[in-house]
Amino acid sequence: MSAYLTLEKKSEIFKQFGGSEKNTGSIEAQIALFTFRIQSLSEHLNTNRKDHSCRRSLLHMVGKRKQLLNYLHHKDLAKYKLVLDKLGLRK
């Protein structure tokens with residue numbers, strides 16, 4: 001686990017999007033966690049442009065988040081739209 005993601009922040013994200021701190025497997029909570037990590041890595045890459053391993057992991061996370069969003073879109077459209085609005089994502 002990285003220094004930017006503390007246990008308190010992680011449990012706060014799961015509580016807000018997953019319903020409880022222990023519900024780490026919900027699709028909404030996983031998407032929110034990926035979004036937080038993507039934002040943190042994007043800020044890191046703005047200052048460290050030559051960090052190619054970080055860029056690769058960022059692209060990997062964006063792909064995983066997209067897969068989860070597509071799954072949620074097909075499973076429950078109302079939750080999908082709610083998650084997009086809460087996280088400020090565009091699709």
# chains A, B, ... in the order shown; residues from 1 in each chain; ligands from 1
$ residues_around --residues "Leu59 of chain A" --least-positions-apart "3" --cutoff "12 Å" --atoms "only C-alpha atoms" --output "list in words"
Phe34, Arg37, Ile38, Gln39, Leu41, Ser42, Leu45, His52, Ser53, Cys54, Arg55, Arg56, Val62, Gly63, Lys64, Arg65 and Lys66 of chain A
$ select_by_dssp --residues "chain A" --states "alpha helix (DSSP H)" --output "PyMOL selection string"
chain A and resi 7-18+27-47+52-75+77-87
$ atom_distance --atom1 "atom CA of Ala29 of chain A" --atom2 "atom CA of Glu43 of chain A"
21.5 Å
$ closest_atom_pairs --of "segment 16-48 of chain A" --to "segment 68-87 of chain A" --cutoff "8 Å" --atoms "only C-alpha atoms" --output "JSON lines"
{"residue": "A:Ile27", "atom": "CA", "partner": "A:Leu68", "partner_atom": "CA", "distance": 6.8}
{"residue": "A:Glu28", "atom": "CA", "partner": "A:Val83", "partner_atom": "CA", "distance": 6.6}
{"residue": "A:Ile31", "atom": "CA", "partner": "A:Leu68", "partner_atom": "CA", "distance": 6.8}
{"residue": "A:Ala32", "atom": "CA", "partner": "A:Leu87", "partner_atom": "CA", "distance": 7.1}
{"residue": "A:Thr35", "atom": "CA", "partner": "A:Leu87", "partner_atom": "CA", "distance": 7.7}
